[in-house]
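So this block is final32.tsv, TSV, C-alpha atoms:
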chain	number	residue	atom	x	y	z
A	1	MET	CA	7.15	-28.84	14.64
A	2	ASN	CA	9.51	-26.70	12.61
A	3	TYR	CA	8.16	-28.16	9.39
A	4	PHE	CA	4.64	-27.37	10.56
A	5	LEU	CA	5.52	-23.72	11.18
A	6	LEU	CA	7.30	-23.54	7.88
A	7	SER	CA	4.26	-24.88	6.01
A	8	LEU	CA	2.04	-22.36	7.80
A	9	LEU	CA	4.40	-19.63	6.70
A	10	LEU	CA	4.24	-20.83	3.11
A	11	LEU	CA	0.45	-20.91	3.28
A	12	THR	CA	0.20	-17.29	4.35
A	13	GLY	CA	2.57	-16.46	1.53
A	14	THR	CA	0.21	-17.87	-1.09
A	15	VAL	CA	-2.81	-16.19	0.50
A	16	GLN	CA	-1.10	-12.83	0.26
A	17	ALA	CA	-0.17	-13.43	-3.35
A	18	THR	CA	-3.83	-13.46	-4.36
A	19	GLN	CA	-4.30	-9.91	-3.08
A	20	ALA	CA	-4.33	-7.54	-6.01
A	21	LEU	CA	-1.51	-5.04	-5.72
A	22	ILE	CA	-1.63	-2.03	-7.95
A	23	GLU	CA	1.62	-0.72	-9.33
A	24	PHE	CA	1.96	2.99	-10.11
A	25	LYS	CA	4.60	4.75	-12.15
A	26	SER	CA	4.87	7.58	-9.66
A	27	PRO	CA	3.67	8.58	-6.18
A	28	GLU	CA	1.71	11.42	-7.85
A	29	GLN	CA	-0.34	8.92	-9.85
A	30	GLN	CA	-0.94	6.88	-6.74
A	31	ALA	CA	-2.12	9.98	-4.87
A	32	LEU	CA	-4.35	10.99	-7.78
A	33	PHE	CA	-5.92	7.53	-7.95
A	34	LYS	CA	-6.59	7.61	-4.22
A	35	GLN	CA	-8.08	11.08	-4.42
A	36	LEU	CA	-10.30	10.23	-7.39
A	37	THR	CA	-11.66	7.02	-5.92
A	38	HIS	CA	-12.58	8.95	-2.79
A	39	GLU	CA	-14.24	11.81	-4.67
A	40	LEU	CA	-16.13	9.78	-7.24
A	41	ARG	CA	-19.50	8.57	-6.11
A	42	CYS	CA	-20.95	5.15	-6.81
A	43	PRO	CA	-24.03	5.73	-9.00
A	44	LYS	CA	-25.75	2.56	-7.85
A	45	CYS	CA	-25.34	3.13	-4.12
A	46	GLN	CA	-27.09	5.88	-2.24
A	47	ASN	CA	-24.09	7.45	-0.58
A	48	GLN	CA	-20.76	5.71	-1.02
A	49	ASN	CA	-17.66	6.62	-2.93
A	50	ILE	CA	-16.25	4.12	-5.39
A	51	ALA	CA	-13.33	3.27	-3.10
A	52	ASP	CA	-15.83	2.16	-0.49
A	53	SER	CA	-18.25	0.18	-2.63
A	54	ASN	CA	-18.04	-3.24	-4.21
A	55	ALA	CA	-21.04	-2.81	-6.48
A	56	VAL	CA	-20.19	-3.98	-10.01
A	57	VAL	CA	-20.44	-0.46	-11.38
A	58	ALA	CA	-18.14	0.86	-8.64
A	59	VAL	CA	-15.56	-1.83	-9.39
A	60	ASP	CA	-15.76	-0.99	-13.11
A	61	MET	CA	-15.37	2.70	-12.37
A	62	ARG	CA	-12.38	2.01	-10.15
A	63	ASN	CA	-10.72	-0.04	-12.89
A	64	LYS	CA	-11.45	2.64	-15.46
A	65	THR	CA	-10.08	5.35	-13.16
A	66	LEU	CA	-6.91	3.32	-12.70
A	67	GLU	CA	-6.56	2.81	-16.44
A	68	LEU	CA	-7.00	6.52	-17.18
A	69	VAL	CA	-4.65	7.58	-14.37
A	70	GLN	CA	-2.00	5.16	-15.60
A	71	GLN	CA	-2.41	6.63	-19.09
A	72	GLY	CA	-1.34	9.91	-17.51
A	73	GLN	CA	-4.69	11.71	-17.65
A	74	THR	CA	-5.28	14.64	-15.34
A	75	LYS	CA	-7.87	14.75	-12.58
A	76	GLN	CA	-10.18	16.95	-14.67
A	77	GLN	CA	-9.94	14.60	-17.65
A	78	VAL	CA	-10.94	11.60	-15.55
A	79	LEU	CA	-13.80	13.54	-13.94
A	80	ASP	CA	-15.07	14.66	-17.36
A	81	TYR	CA	-14.89	11.08	-18.61
A	82	MET	CA	-17.02	9.85	-15.73
A	83	LYS	CA	-19.44	12.79	-15.82
A	84	SER	CA	-20.09	12.36	-19.54
A	85	ARG	CA	-21.42	8.88	-18.71
A	86	TYR	CA	-22.88	9.09	-15.23
A	87	GLY	CA	-23.62	12.82	-14.91
A	88	ASP	CA	-22.74	15.37	-12.24
A	89	PHE	CA	-24.17	12.98	-9.64
A	90	VAL	CA	-20.98	10.96	-9.84
A	91	HIS	CA	-18.72	13.64	-8.35
A	92	TYR	CA	-19.06	14.64	-4.72
A	93	GLN	CA	-18.37	18.27	-5.60
A	94	PRO	CA	-21.37	19.58	-7.52
A	95	PRO	CA	-20.58	22.21	-10.16
A	96	LEU	CA	-22.01	25.72	-10.00
A	97	ASN	CA	-24.94	25.90	-12.42
A	98	LYS	CA	-28.55	27.05	-12.44
A	99	PHE	CA	-29.68	23.96	-10.52
A	100	THR	CA	-27.07	24.22	-7.75
A	101	LEU	CA	-26.91	28.02	-7.55
A	102	VAL	CA	-29.29	28.00	-4.60
A	103	LEU	CA	-26.82	25.90	-2.59
A	104	TRP	CA	-24.25	28.67	-2.82
A	105	LEU	CA	-26.65	31.58	-2.50
A	106	LEU	CA	-28.78	30.33	0.38
A	107	PRO	CA	-26.17	30.65	3.18
A	108	ALA	CA	-25.20	34.16	2.00
A	109	LEU	CA	-28.85	35.17	1.77
A	110	MET	CA	-29.47	33.86	5.27
A	111	VAL	CA	-26.58	35.91	6.68
A	112	VAL	CA	-27.81	39.04	4.90
A	113	GLY	CA	-31.36	38.39	6.12
A	114	LEU	CA	-30.18	37.98	9.72
A	115	VAL	CA	-28.17	41.21	9.63
A	116	VAL	CA	-31.16	43.12	8.21
A	117	LEU	CA	-33.43	41.61	10.88
A	118	LEU	CA	-31.01	42.59	13.67
A	119	LEU	CA	-30.70	46.15	12.39
A	120	LEU	CA	-34.46	46.55	12.13
A	121	ARG	CA	-34.93	45.20	15.61
A	122	ARG	CA	-32.31	47.47	17.11
A	123	ARG	CA	-33.96	50.47	15.47
A	124	ALA	CA	-37.37	49.49	16.76
A	125	GLU	CA	-35.99	49.04	20.28
A	126	ARG	CA	-34.26	52.38	20.22
A	127	SER	CA	-37.37	54.24	19.05
A	128	SER	CA	-39.55	52.59	21.71
A	129	LEU	CA	-36.99	53.45	24.41
A	130	ALA	CA	-36.93	57.04	23.21
A	131	ALA	CA	-40.71	57.12	23.38
A	132	GLU	CA	-40.74	55.89	27.01
A	133	SER	CA	-38.19	58.39	28.30
A	134	GLY	CA	-39.55	61.12	26.07
A	135	ALA	CA	-39.04	64.65	27.49
A	136	PRO	CA	-42.60	65.94	26.96
A	137	VAL	CA	-44.15	63.08	28.92
A	138	HIS	CA	-41.52	63.41	31.62
A	139	GLY	CA	-42.16	67.11	31.99
A	140	GLN	CA	-45.88	66.59	32.23
A	141	LEU	CA	-45.50	64.03	35.01
A	142	GLU	CA	-43.16	66.31	36.92
A	143	GLN	CA	-45.65	69.10	36.70
A	144	GLN	CA	-48.47	66.85	37.97
A	145	MET	CA	-46.26	65.73	40.84
A	146	ASP	CA	-45.47	69.30	41.80
A	147	GLN	CA	-49.15	70.15	41.82
A	148	LEU	CA	-49.97	67.21	44.08
A	149	ILE	CA	-47.17	68.03	46.51
A	150	GLU	CA	-48.29	71.61	46.64
A	151	GLN	CA	-51.89	70.50	47.26
A	152	TYR	CA	-51.07	68.22	50.20
A	153	ARG	CA	-48.64	70.70	51.75
A	154	ARG	CA	-51.42	73.28	51.92
A	155	LYS	CA	-53.74	70.78	53.64
A	156	SER	CA	-51.38	70.02	56.44
B	1	MET	CA	-43.71	45.05	11.09
B	2	ARG	CA	-44.13	43.12	14.30
B	3	LYS	CA	-46.89	41.02	12.74
B	4	LEU	CA	-44.67	40.20	9.79
B	5	ALA	CA	-41.84	39.12	12.09
B	6	PHE	CA	-44.27	36.83	13.88
B	7	PHE	CA	-45.14	35.06	10.63
B	8	ILE	CA	-41.56	34.53	9.39
B	9	PRO	CA	-40.82	31.45	11.55
B	10	PHE	CA	-44.24	30.10	10.72
B	11	ALA	CA	-43.65	30.52	6.99
B	12	LEU	CA	-40.21	28.91	7.32
B	13	PHE	CA	-41.71	25.96	9.15
B	14	ILE	CA	-44.41	25.48	6.49
B	15	GLY	CA	-41.84	25.75	3.70
B	16	LEU	CA	-39.52	23.22	5.33
B	17	SER	CA	-42.41	20.83	6.00
B	18	VAL	CA	-43.58	20.93	2.39
B	19	PHE	CA	-40.00	20.39	1.16
B	20	LEU	CA	-39.35	17.42	3.46
B	21	PHE	CA	-42.80	15.93	2.88
B	22	SER	CA	-42.40	15.98	-0.89
B	23	GLY	CA	-39.00	14.31	-0.36
B	24	LEU	CA	-40.81	11.30	1.08
B	25	PHE	CA	-42.29	10.58	-2.33
B	26	SER	CA	-39.28	11.29	-4.52
B	27	ASN	CA	-37.36	8.40	-6.02
B	28	PRO	CA	-33.67	8.63	-5.08
B	29	MET	CA	-32.78	6.35	-8.00
B	30	GLU	CA	-34.21	8.78	-10.51
B	31	ARG	CA	-31.67	11.08	-12.04
B	32	GLU	CA	-30.91	12.93	-15.21
B	33	SER	CA	-29.11	10.71	-17.69
B	34	SER	CA	-26.14	12.28	-19.44
B	35	VAL	CA	-26.42	10.18	-22.60
B	36	LEU	CA	-29.81	11.55	-23.64
B	37	ASN	CA	-30.13	12.87	-27.20
B	38	GLN	CA	-26.72	11.53	-28.05
B	39	PRO	CA	-25.94	8.89	-30.64
B	40	LEU	CA	-25.13	5.39	-29.42
B	41	PRO	CA	-21.48	5.24	-28.33
B	42	ALA	CA	-19.14	3.30	-30.60
B	43	PHE	CA	-19.10	-0.44	-29.96
B	44	ALA	CA	-18.43	-3.75	-31.68
B	45	LEU	CA	-19.86	-6.57	-29.60
B	46	PRO	CA	-20.77	-10.16	-30.49
B	47	ASP	CA	-24.23	-11.63	-30.60
B	48	LEU	CA	-24.83	-13.71	-27.49
B	49	GLN	CA	-25.88	-16.84	-29.36
B	50	GLN	CA	-23.77	-16.40	-32.51
B	51	GLN	CA	-20.36	-15.11	-31.53
B	52	GLU	CA	-19.25	-14.61	-35.13
B	53	LYS	CA	-21.98	-12.00	-35.64
B	54	ILE	CA	-20.68	-8.58	-34.52
B	55	TRP	CA	-23.12	-5.78	-33.74
B	56	THR	CA	-22.15	-2.12	-34.20
B	57	PRO	CA	-24.18	1.11	-33.89
B	58	ASP	CA	-24.67	1.06	-37.66
B	59	SER	CA	-25.96	-2.49	-37.77
B	60	VAL	CA	-28.50	-2.07	-34.94
B	61	LYS	CA	-30.14	1.16	-36.12
B	62	GLY	CA	-32.78	1.59	-38.79
B	63	LYS	CA	-35.93	1.27	-36.71
B	64	PRO	CA	-36.85	2.65	-33.28
B	65	PHE	CA	-36.23	0.02	-30.63
B	66	LEU	CA	-35.84	-0.61	-26.93
B	67	LEU	CA	-32.40	-1.59	-25.72
B	68	ASN	CA	-32.97	-3.59	-22.56
B	69	VAL	CA	-30.02	-4.23	-20.24
B	70	TRP	CA	-30.55	-7.52	-18.44
B	71	GLY	CA	-28.99	-10.69	-17.05
B	72	THR	CA	-30.23	-14.08	-15.92
B	73	TRP	CA	-28.71	-13.35	-12.49
B	74	CYS	CA	-30.95	-10.30	-12.08
B	75	VAL	CA	-34.26	-11.08	-10.38
B	76	THR	CA	-36.10	-7.95	-11.51
B	77	CYS	CA	-35.04	-8.55	-15.12
B	78	ASN	CA	-36.54	-12.01	-14.99
B	79	ALA	CA	-39.75	-10.56	-13.60
B	80	GLU	CA	-40.14	-8.14	-16.50
B	81	LEU	CA	-39.47	-10.75	-19.23
B	82	ALA	CA	-43.14	-11.75	-19.42
B	83	TYR	CA	-44.41	-8.19	-19.90
B	84	LEU	CA	-41.64	-7.37	-22.40
B	85	THR	CA	-42.66	-10.46	-24.35
B	86	GLU	CA	-46.21	-9.10	-24.41
B	87	LEU	CA	-44.87	-5.84	-25.82
B	88	ARG	CA	-42.96	-7.74	-28.48
B	89	GLU	CA	-46.20	-9.45	-29.50
B	90	GLN	CA	-47.74	-5.99	-29.85
B	91	GLY	CA	-44.99	-5.14	-32.31
B	92	VAL	CA	-42.43	-3.37	-30.12
B	93	MET	CA	-38.87	-4.10	-31.18
B	94	ILE	CA	-36.67	-5.02	-28.22
B	95	VAL	CA	-32.96	-5.79	-28.30
B	96	GLY	CA	-31.23	-7.32	-25.29
B	97	LEU	CA	-27.91	-6.08	-23.98
B	98	TYR	CA	-26.61	-8.85	-21.78
B	99	TYR	CA	-25.02	-7.62	-18.55
B	100	GLN	CA	-22.32	-10.15	-17.69
B	101	GLN	CA	-21.18	-9.93	-14.09
B	102	PRO	CA	-17.42	-9.93	-13.52
B	103	VAL	CA	-15.88	-13.33	-12.88
B	104	ASP	CA	-13.61	-13.42	-9.89
B	105	ALA	CA	-10.41	-15.12	-10.96
B	106	ALA	CA	-9.23	-15.22	-7.34
B	107	PHE	CA	-12.06	-17.63	-6.57
B	108	GLY	CA	-11.27	-19.78	-9.59
B	109	GLU	CA	-14.24	-18.51	-11.58
B	110	VAL	CA	-13.95	-18.64	-15.36
B	111	PHE	CA	-16.23	-17.25	-18.03
B	112	ASP	CA	-18.07	-20.14	-19.65
B	113	LEU	CA	-19.76	-19.00	-22.85
B	114	THR	CA	-21.50	-22.27	-23.66
B	115	ALA	CA	-23.02	-22.50	-20.20
B	116	LEU	CA	-24.21	-18.89	-20.46
B	117	GLN	CA	-25.77	-19.49	-23.87
B	118	GLN	CA	-27.63	-22.52	-22.53
B	119	GLU	CA	-28.75	-20.65	-19.43
B	120	VAL	CA	-30.08	-17.73	-21.46
B	121	ALA	CA	-31.85	-19.98	-23.97
B	122	LEU	CA	-33.50	-21.93	-21.16
B	123	LYS	CA	-34.55	-18.79	-19.31
B	124	LEU	CA	-36.10	-17.24	-22.42
B	125	GLU	CA	-37.88	-20.48	-23.22
B	126	GLN	CA	-39.41	-20.59	-19.75
B	127	GLN	CA	-40.24	-16.91	-19.19
B	128	GLY	CA	-40.84	-15.73	-22.74
B	129	ASN	CA	-38.44	-14.22	-25.22
B	130	PRO	CA	-38.92	-10.50	-25.84
B	131	TYR	CA	-35.64	-10.07	-27.74
B	132	GLN	CA	-34.99	-9.87	-31.47
B	133	TRP	CA	-31.43	-10.66	-30.56
B	134	ASN	CA	-29.04	-10.31	-27.61
B	135	ILE	CA	-25.75	-8.45	-27.57
B	136	LEU	CA	-23.19	-9.86	-25.16
B	137	ASP	CA	-21.28	-7.18	-23.27
B	138	LYS	CA	-18.82	-9.41	-21.47
B	139	ASP	CA	-16.61	-6.63	-20.09
B	140	ARG	CA	-19.46	-4.12	-19.71
B	141	THR	CA	-17.82	-1.59	-22.03
B	142	LEU	CA	-20.98	-0.44	-23.85
B	143	ILE	CA	-22.82	-0.68	-20.54
B	144	PHE	CA	-20.24	1.66	-19.01
B	145	ASP	CA	-20.39	4.10	-21.93
B	146	LEU	CA	-24.19	4.21	-21.65
B	147	GLY	CA	-23.95	5.15	-17.98
B	148	VAL	CA	-25.77	2.02	-16.81
B	149	THR	CA	-25.77	1.72	-13.02
B	150	GLY	CA	-27.24	-1.77	-12.82
B	151	ALA	CA	-29.85	-4.04	-14.32
B	152	PRO	CA	-32.56	-3.72	-15.49
B	153	GLU	CA	-32.28	-0.49	-17.42
B	154	THR	CA	-33.87	0.35	-20.75
B	155	PHE	CA	-33.01	2.82	-23.49
B	156	LEU	CA	-35.27	4.03	-26.25
B	157	ILE	CA	-33.24	4.40	-29.46
B	158	ASP	CA	-34.66	6.12	-32.52
B	159	ALA	CA	-34.20	5.11	-36.16
B	160	GLN	CA	-31.06	7.27	-36.44
B	161	GLY	CA	-29.47	5.51	-33.47
B	162	VAL	CA	-29.96	8.45	-31.06
B	163	ILE	CA	-30.79	7.72	-27.41
B	164	ARG	CA	-34.15	9.32	-26.64
B	165	LEU	CA	-34.99	7.92	-23.22
B	166	HIS	CA	-33.17	6.19	-20.36
B	167	HIS	CA	-35.23	4.30	-17.83
B	168	ILE	CA	-33.68	2.91	-14.65
B	169	GLY	CA	-35.61	0.00	-13.17
B	170	ASP	CA	-38.09	-2.51	-14.52
B	171	ILE	CA	-40.74	-2.03	-17.17
B	172	ASN	CA	-44.27	-2.89	-16.09
B	173	PRO	CA	-47.66	-1.89	-17.58
B	174	GLN	CA	-47.75	1.28	-15.47
B	175	VAL	CA	-44.24	2.45	-16.41
B	176	TRP	CA	-44.87	1.61	-20.06
B	177	GLN	CA	-48.10	3.62	-20.15
B	178	GLN	CA	-46.80	6.60	-18.22
B	179	LYS	CA	-43.27	6.93	-19.45
B	180	LEU	CA	-42.41	4.92	-22.54
B	181	ALA	CA	-45.46	4.25	-24.71
B	182	ALA	CA	-46.01	7.83	-25.90
B	183	ALA	CA	-42.31	8.36	-26.62
B	184	TYR	CA	-42.12	5.08	-28.54
B	185	GLN	CA	-45.26	5.87	-30.54
B	186	SER	CA	-44.01	9.34	-31.44
B	187	LEU	CA	-40.86	7.80	-32.94
B	188	GLN	CA	-42.94	5.52	-35.17
B	189	GLU	CA	-44.22	8.37	-37.36
Could you write out this file's structure as C-alpha cells?
Amino acid sequence: MNYFLLSLLLLTGTVQATQALIEFKSPEQQALFKQLTHELRCPKCQNQNIADSNAVVAVDMRNKTLELVQQGQTKQQVLDYMKSRYGDFVHYQPPLNKFTLVLWLLPALMVVGLVVLLLLRRRAERSSLAAESGAPVHGQLEQQMDQLIEQYRRKS
Amino acid sequence: MRKLAFFIPFALFIGLSVFLFSGLFSNPMERESSVLNQPLPAFALPDLQQQEKIWTPDSVKGKPFLLNVWGTWCVTCNAELAYLTELREQGVMIVGLYYQQPVDAAFGEVFDLTALQQEVALKLEQQGNPYQWNILDKDRTLIFDLGVTGAPETFLIDAQGVIRLHHIGDINPQVWQQKLAAAYQSLQE
C-alpha cells in the first residue's frame, strides 16, 4: 500500500514537471509581463487578450512579449513592437488620433448638450409661467369680477 | 423650438439604427494592416523543398508577386489552391510562405521535415500547384513580422520588394476581381 502511494506521488511529480514555469529576473519584470499579456489583444480572436487565448498567433505574441521583457525592454517598447506589426488593434487602449477622437469627444459633447437643453427648458418654463400669472391679465379678470359682483348685488 | 425638441429623439433613433444596421454587414476581420507600403522585413529562410537554398528579401524581389501564407493543415488554404493555380496559369507569380504550426514538445511532437515535404508535394500534386517556390517559416518569424494573424493571408509585393496590399482570408474569383486584380495589373506597368 505504501509503495502504491509512493508511486502515485512520483507520478504527480512528473506531471507537474511538464508544466512550463517561467523564470523572471525580477518581480517588476514578472508584473510587466502579466500586465502586457492582459493588455495586448489577440488579433485572430474577436475579443480576447493574449493571456486568455491559445490561438497560434497569441502564443507567439506571448513568447515574443516574454523575450522582450526578459531583454529588459519597457512597456512602451513592447507595445510599439507589437503595434508596428499588428496595428493599434492589438492594444486594448486605443491611442488618441483622428479616428478615435470621437470616442473622447462624444461623452463631453453629450454632457454639454444636456446642460444646454436643460437651460433652454428652464427658460421656456419660466417665461410660460410668467405669462400665466401676468399682471395685466390678472387685473383684467379682477375688474370683470368686480363688475359681475356689482351687477348681481344691484339685482338682489 | 418645441418642434425641434420633438425631432431630436427621432433623429437620434434614426442615426443609431443606421449605425447598427451598417454594422451587420461589416467584416470584423477586416482591419488596417500596419505593414502596408513598407519594404519586406529582413529574413533569411530556407526553401521548403531545398533546405540549402536560403531566401532573403533581395532574392525574392525583382517582379511583382503574391506572397501567399498557407499550410496543409489549413482547410481554407486548400480550398483556394485550385483558383490560385488558375491564376498562375494566367501568368500571376505566386510564392508560398509555409505557415508551420508549433509542435508541442510536451505531447512528444517533433518537427519532421521529410514528412512535411512529402505532405506538401502530395497536396500540391492533388490540388494544383500555384507556387513558384515555397518558403518554410518554421518558427513563424517572418509571419510574425508581417503581422499575419492566421492562414490564409496574401500580400501583394511590388518589384522593389514593397508590400502594397495585405488580404486576410481566402482568394476566390470575386475577391481577385474586386480587390487584387487591378492592384496587381497596375504594378505590371
I need every residue sitting at most 9 Å from the point (-30.4, 9.4, -2.0) (coordinates as in the file, only C-alpha atoms considered), written as a list in words.
Cys45, Gln46 and Asn47 of chain A; Asn27, Pro28 and Met29 of chain B
Computed interatomic separation between atom CA of A:Leu118 and atom CA of A:Val102 (Å)
23.4 Å
Which of these, B:Phe107, B:Thr114, B:Tyr98, B:Asp158, has the shortest distance to B:Gln185 once you count all atoms listed in the file?
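The closest residue to B:Gln185 is B:Asp158.
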Per-residue nearest contacts chain A to chain B, cut-off 10 Å, using only C-alpha atoms, as JSON lines:
{"residue": "A:Thr18", "atom": "CA", "partner": "B:Ala106", "partner_atom": "CA", "distance": 6.4}
{"residue": "A:Gln19", "atom": "CA", "partner": "B:Ala106", "partner_atom": "CA", "distance": 8.4}
{"residue": "A:Ala20", "atom": "CA", "partner": "B:Ala106", "partner_atom": "CA", "distance": 9.2}
{"residue": "A:Cys42", "atom": "CA", "partner": "B:Thr149", "partner_atom": "CA", "distance": 8.6}
{"residue": "A:Pro43", "atom": "CA", "partner": "B:Thr149", "partner_atom": "CA", "distance": 5.9}
{"residue": "A:Lys44", "atom": "CA", "partner": "B:Thr149", "partner_atom": "CA", "distance": 5.2}
{"residue": "A:Cys45", "atom": "CA", "partner": "B:Met29", "partner_atom": "CA", "distance": 9.0}
{"residue": "A:Gln46", "atom": "CA", "partner": "B:Pro28", "partner_atom": "CA", "distance": 7.7}
{"residue": "A:Ala55", "atom": "CA", "partner": "B:Gly150", "partner_atom": "CA", "distance": 8.9}
{"residue": "A:Val56", "atom": "CA", "partner": "B:Gln101", "partner_atom": "CA", "distance": 7.3}
{"residue": "A:Val57", "atom": "CA", "partner": "B:Thr149", "partner_atom": "CA", "distance": 6.0}
{"residue": "A:Ala58", "atom": "CA", "partner": "B:Thr149", "partner_atom": "CA", "distance": 8.8}
{"residue": "A:Val59", "atom": "CA", "partner": "B:Pro102", "partner_atom": "CA", "distance": 9.3}
{"residue": "A:Asp60", "atom": "CA", "partner": "B:Phe144", "partner_atom": "CA", "distance": 7.9}
{"residue": "A:Met61", "atom": "CA", "partner": "B:Phe144", "partner_atom": "CA", "distance": 8.3}
{"residue": "A:Lys64", "atom": "CA", "partner": "B:Phe144", "partner_atom": "CA", "distance": 9.5}
{"residue": "A:Tyr81", "atom": "CA", "partner": "B:Asp145", "partner_atom": "CA", "distance": 9.5}
{"residue": "A:Met82", "atom": "CA", "partner": "B:Gly147", "partner_atom": "CA", "distance": 8.7}
{"residue": "A:Lys83", "atom": "CA", "partner": "B:Ser34", "partner_atom": "CA", "distance": 7.6}
{"residue": "A:Ser84", "atom": "CA", "partner": "B:Ser34", "partner_atom": "CA", "distance": 6.1}
{"residue": "A:Arg85", "atom": "CA", "partner": "B:Gly147", "partner_atom": "CA", "distance": 4.6}
{"residue": "A:Tyr86", "atom": "CA", "partner": "B:Gly147", "partner_atom": "CA", "distance": 4.9}
{"residue": "A:Gly87", "atom": "CA", "partner": "B:Ser34", "partner_atom": "CA", "distance": 5.2}
{"residue": "A:Asp88", "atom": "CA", "partner": "B:Ser34", "partner_atom": "CA", "distance": 8.5}
{"residue": "A:Phe89", "atom": "CA", "partner": "B:Arg31", "partner_atom": "CA", "distance": 8.1}
{"residue": "A:Leu117", "atom": "CA", "partner": "B:Ala5", "partner_atom": "CA", "distance": 8.9}
{"residue": "A:Leu120", "atom": "CA", "partner": "B:Met1", "partner_atom": "CA", "distance": 9.4}
{"residue": "A:Arg121", "atom": "CA", "partner": "B:Arg2", "partner_atom": "CA", "distance": 9.5}
{"residue": "A:Ala124", "atom": "CA", "partner": "B:Met1", "partner_atom": "CA", "distance": 9.6}
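Picture a line from atom CA of B:Val110 to atom CA of A:Glu23; it runs 24.5 Å.
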Mind pulling up the distance from atom CA of B:Val162 to atom CA of B:Pro64?
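Atom CA of B:Val162 lies at a distance of 9.3 Å from atom CA of B:Pro64.
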Please identify all polymer residues within 9 Å of B:Leu66, counting all atoms listed in the file, omitting same-chain residues fewer than 4 positions from it, and present them as a list in words.
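Everything that qualifies: Val92, Met93, Ile94, Val95, Gly96, Thr154, Phe155, Leu156, Ile157, Asp158 and Tyr184 of chain B.
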